[in-house]
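First comes the structure, then the notes that go with it.
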Amino acid sequence: MVRNLHHLKPQLPFVPGFELAGEIAAVGKEVTQFHEGDRVMALKTIDLGAFAEKCVVDEDEAFKINPNLSYEMAAVLPCAYGSAYYALQTVAKVEQKQTILVLTSQGASGMAAIDLALNVFKCKVIAACDNEEKCTVIRPMGVTATVDYSKEELTKAVMKATKQHGVDLVVDTVGGRWFHEAANCVKEDGKVLVQGFSSGQVPTIDVQHLVQKQLSLQGVWFGGYIRRKPDKFHSIMRHIMKLLEDEYLSPVIRATYKIENVRYQG
């Protein structure tokens with residue numbers, strides 16, 4: 001969004017960011033679940049503003065975290081892992097041993113989907129990235145195969161990796177023309193989840209292809225889901241925290257940035 005590649009284009013000036021972690025500095029008179037000094041993570045669902053020294057969140061958007069969980073790690077969980085868990089568990093209802101193709105530019109959402117699919121849902125995962133360096137980072141996670149779609153034709157590479165069987169599910173965080181190439185890899189009666197457009201390109205849909213292969217296509221917007229059903233945010237985050245404590249999950253933090261570096265580059 002700060003590079004002006006996001007499909008949402010907030011009016012300038014704006015403070016970016018949906019996800020955050022930190023210490024509560026003050027609470028409103030009607031707040032009952034939290035107190036000043038509580039350590040929390042949060043996912044803003046109504047507006048932006050998380051990438052700031054201080055911001056305001058609704059009580060339903062926050063979740064208490066343990067003293068031993070770093071703020072860096074906590075900040076990864078609400079949006080990336082919350083979205084991925086919602087996509088795989090609630091929307092796709094994945095089953096063990098299914099094969100999933102995850103399109104990622106190695107952003108947090110794609111990495112979280114790979115982590116959950118492998119270690120929680122016990123699926124086979126093929127990860128598709130836009131360069132070899134990113135594939136190198138993902139391979140140690142235990143994926144069945146990686147595809148550098150900047151050098152290989154995605155459909156051909158995925159069909160080869162699955163011995164021409166195709167995949168049961170696509171989780172697409174990239175969009176663009178790679179959405180169509182990924183959809184060509186799905187088995188009949190399979191599913192395609194659209195979770196984002198990190199390429200900056202929103203694809204059009206070939207409805208005839210969906211009909212002919214009897215594919216299910218669904219958009220995934222975790223923020224919209226928990227805005228309608230705020231109790232689900234706390235339920236999903238409790239599951240994720242338990243999985244993290246039991247060492248099923250291995251979130252990757254590749255870099256941290258100073259807040260001064262989060263600047264609009266349009």
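Residue numbers start at 1 in each chain; chains themselves are named A, B, ... in the order of the structure tokens; ligands are numbered from 1 in the order shown.
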(message) Please list as JSON, numbers by chain every residue within 8 Å of Asp168 (chain A), counting only C-alpha atoms and excluding residues in the same chain fewer than 6 positions away.
(response) {"A": [98, 99, 100, 186, 187, 190, 191]}
Writer output for current selection, C-alpha atoms, as a CSV table (one decimal), in the first residue's frame:
```
chain,number,residue,atom,x,y,z
A,98,GLN,CA,-4.6,-32.8,0.2
A,99,THR,CA,-2.2,-30.9,-2.1
A,100,ILE,CA,-2.2,-27.1,-1.9
A,186,VAL,CA,-6.7,-27.4,-10.0
A,187,LYS,CA,-8.4,-30.8,-10.1
A,190,GLY,CA,-11.2,-28.2,-6.6
A,191,LYS,CA,-11.1,-24.8,-4.9
```
Set the distance at 12 Å and use only C-alpha atoms: which residues neighbour Glu72 (chain A) once local chain neighbours fewer than 2 positions away are removed? I'd like the list as a PDB file with C-alpha atoms, in the first residue's frame.
```pdb
ATOM      1  CA  GLU A  19      -1.903  -5.322  12.319  1.00  0.00           C
ATOM      2  CA  LEU A  20      -0.028  -4.288  15.451  1.00  0.00           C
ATOM      3  CA  ALA A  21       1.243  -5.349  18.865  1.00  0.00           C
ATOM      4  CA  GLY A  22       2.063  -3.258  21.895  1.00  0.00           C
ATOM      5  CA  VAL A  40      -1.943  -7.023  23.231  1.00  0.00           C
ATOM      6  CA  MET A  41      -1.938  -7.714  19.526  1.00  0.00           C
ATOM      7  CA  ILE A  65      -0.667 -11.882  24.640  1.00  0.00           C
ATOM      8  CA  ASN A  68       7.076 -14.208  26.855  1.00  0.00           C
ATOM      9  CA  LEU A  69       5.768 -13.444  23.346  1.00  0.00           C
ATOM     10  CA  SER A  70       7.703 -10.690  21.602  1.00  0.00           C
ATOM     11  CA  ALA A  74       2.794 -11.037  17.990  1.00  0.00           C
ATOM     12  CA  ALA A  75       2.421  -8.503  15.185  1.00  0.00           C
ATOM     13  CA  VAL A  76       2.693 -11.305  12.616  1.00  0.00           C
ATOM     14  CA  LEU A  77      -0.190 -13.316  14.028  1.00  0.00           C
ATOM     15  CA  PRO A  78      -3.507 -11.417  13.685  1.00  0.00           C
ATOM     16  CA  PRO A 251       6.557 -17.832  12.047  1.00  0.00           C
ATOM     17  CA  VAL A 252       9.403 -16.311  10.069  1.00  0.00           C
ATOM     18  CA  ILE A 253      10.487 -12.729  10.742  1.00  0.00           C
ATOM     19  CA  ARG A 254      12.939 -11.874   7.999  1.00  0.00           C
ATOM     20  CA  ALA A 255      13.373  -8.196   8.794  1.00  0.00           C
ATOM     21  CA  THR A 256      12.206  -5.343  10.998  1.00  0.00           C
ATOM     22  CA  TYR A 257      11.974  -1.716   9.942  1.00  0.00           C
TER      23      TYR A 257
END
```
(message) With only C-alpha atoms as the counted atoms, please give the residues lying no more than 12 Å from Phe14 (chain A), apart from itself and same-chain residues fewer than 5 positions off, as a list in words.
(response) Met1, Val2, Lys9, Asp47, Leu48, Gly49, Ala50, Phe51, Ala52, Val262, Arg263 and Tyr264 of chain A
Dump as an mmCIF file, in the first residue's frame, selection limited to C-alpha atoms:
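So out07.cif came out as:
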```
data_model
loop_
_atom_site.group_PDB
_atom_site.id
_atom_site.type_symbol
_atom_site.label_atom_id
_atom_site.label_comp_id
_atom_site.auth_asym_id
_atom_site.auth_seq_id
_atom_site.Cartn_x
_atom_site.Cartn_y
_atom_site.Cartn_z
ATOM 1 C CA MET A 1 0.000 0.000 0.000
ATOM 2 C CA VAL A 2 2.832 2.434 0.795
ATOM 3 C CA LYS A 9 -5.996 3.272 -2.671
ATOM 4 C CA ASP A 47 -9.650 1.773 9.260
ATOM 5 C CA LEU A 48 -5.877 1.897 8.886
ATOM 6 C CA GLY A 49 -3.373 3.461 11.270
ATOM 7 C CA ALA A 50 -1.473 0.579 12.869
ATOM 8 C CA PHE A 51 1.992 1.664 11.720
ATOM 9 C CA ALA A 52 2.296 4.487 14.223
ATOM 10 C CA VAL A 262 7.247 3.309 6.293
ATOM 11 C CA ARG A 263 6.737 6.078 3.780
ATOM 12 C CA TYR A 264 4.467 6.449 0.786
#
```
Considering only C-alpha atoms, return as a JSON list (two decimals) with C-alpha atoms, in the first residue's frame whatever protein or nucleic-acid residues lie within 6 Å of Gly175 (chain A), sequence-local ones (same chain, fewer than 5 positions apart) excluded.
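The resulting result.json:
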```
[["chain", "number", "residue", "atom", "x", "y", "z"],
["A", 197, "PHE", "CA", -2.98, -9.12, -5.03],
["A", 201, "GLN", "CA", -2.80, -6.66, -10.61],
["A", 202, "VAL", "CA", -6.40, -7.73, -9.95],
["A", 203, "PRO", "CA", -7.26, -10.60, -12.33]]
```
(request) Please report, as JSON, numbers by chain, each residue of region 105-246 of chain A to which DSSP assigns strand (DSSP E or B) when run on this structure's backbone. (result) {"A": [124, 125, 126, 127, 128, 129, 145, 146, 147, 148, 167, 168, 169, 170, 171, 172, 186, 187, 188, 189, 190, 191, 192, 193, 194, 216, 217, 218, 219]}
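For the set A:Leu12, A:Ala62, A:Ile46, A:Val171, the residue with the smallest atom-to-atom gap to His234 (chain A) is A:Ala62, counting only C-alpha atoms.
Within 12 Å of Lys93 (chain A), once only C-alpha atoms are used and residues closer than 2 positions along the same chain are dropped, the contacting residues are Ala84, Tyr85, Tyr86, Ala87, Leu88, Gln89, Thr90, Val91, Glu95, Gln96, Gln98, Ala117, Phe121, Cys123, Asp168, Leu169, Gly190, Lys191 and Leu193 of chain A.
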(request) Find the spatial neighbours of Tyr248 (chain A), counting only C-alpha atoms, within a cut-off of 12 Å - ignore same-chain residues fewer than 6 positions away - and output them as number ranges by chain. (result) A: 112, 115-122, 239-242
Selected residues, N, CA and C atoms, written as a PDB file, in the first residue's frame, please.
```pdb
ATOM      1  N   ALA A 112       2.491 -17.775   6.133  1.00  0.00           N
ATOM      2  CA  ALA A 112       1.630 -18.331   7.175  1.00  0.00           C
ATOM      3  C   ALA A 112       0.784 -19.473   6.627  1.00  0.00           C
ATOM      4  N   ASP A 115       3.008 -22.527   6.403  1.00  0.00           N
ATOM      5  CA  ASP A 115       3.288 -23.046   7.743  1.00  0.00           C
ATOM      6  C   ASP A 115       2.089 -23.829   8.279  1.00  0.00           C
ATOM      7  N   LEU A 116       0.917 -23.243   8.209  1.00  0.00           N
ATOM      8  CA  LEU A 116      -0.293 -23.905   8.724  1.00  0.00           C
ATOM      9  C   LEU A 116      -0.644 -25.147   7.912  1.00  0.00           C
ATOM     10  N   ALA A 117      -0.573 -25.047   6.599  1.00  0.00           N
ATOM     11  CA  ALA A 117      -0.931 -26.179   5.752  1.00  0.00           C
ATOM     12  C   ALA A 117      -0.036 -27.385   6.017  1.00  0.00           C
ATOM     13  N   LEU A 118       1.254 -27.128   6.199  1.00  0.00           N
ATOM     14  CA  LEU A 118       2.205 -28.216   6.431  1.00  0.00           C
ATOM     15  C   LEU A 118       2.094 -28.796   7.839  1.00  0.00           C
ATOM     16  N   ASN A 119       2.117 -27.934   8.833  1.00  0.00           N
ATOM     17  CA  ASN A 119       2.340 -28.376  10.206  1.00  0.00           C
ATOM     18  C   ASN A 119       1.081 -28.559  11.039  1.00  0.00           C
ATOM     19  N   VAL A 120      -0.019 -27.967  10.616  1.00  0.00           N
ATOM     20  CA  VAL A 120      -1.278 -28.113  11.353  1.00  0.00           C
ATOM     21  C   VAL A 120      -2.261 -28.990  10.592  1.00  0.00           C
ATOM     22  N   PHE A 121      -2.461 -28.679   9.310  1.00  0.00           N
ATOM     23  CA  PHE A 121      -3.449 -29.423   8.532  1.00  0.00           C
ATOM     24  C   PHE A 121      -2.855 -30.636   7.819  1.00  0.00           C
ATOM     25  N   LYS A 122      -1.520 -30.782   7.878  1.00  0.00           N
ATOM     26  CA  LYS A 122      -0.828 -31.958   7.353  1.00  0.00           C
ATOM     27  C   LYS A 122      -1.113 -32.183   5.874  1.00  0.00           C
ATOM     28  N   HIS A 239      -6.903 -20.334  19.088  1.00  0.00           N
ATOM     29  CA  HIS A 239      -6.381 -21.532  18.409  1.00  0.00           C
ATOM     30  C   HIS A 239      -4.934 -21.305  17.980  1.00  0.00           C
ATOM     31  N   ILE A 240      -4.671 -20.160  17.381  1.00  0.00           N
ATOM     32  CA  ILE A 240      -3.326 -19.875  16.883  1.00  0.00           C
ATOM     33  C   ILE A 240      -2.324 -19.778  18.028  1.00  0.00           C
ATOM     34  N   MET A 241      -2.695 -19.130  19.120  1.00  0.00           N
ATOM     35  CA  MET A 241      -1.798 -19.025  20.272  1.00  0.00           C
ATOM     36  C   MET A 241      -1.481 -20.398  20.850  1.00  0.00           C
ATOM     37  N   LYS A 242      -2.482 -21.281  20.897  1.00  0.00           N
ATOM     38  CA  LYS A 242      -2.259 -22.636  21.417  1.00  0.00           C
ATOM     39  C   LYS A 242      -1.311 -23.402  20.490  1.00  0.00           C
TER      40      LYS A 242
END
```
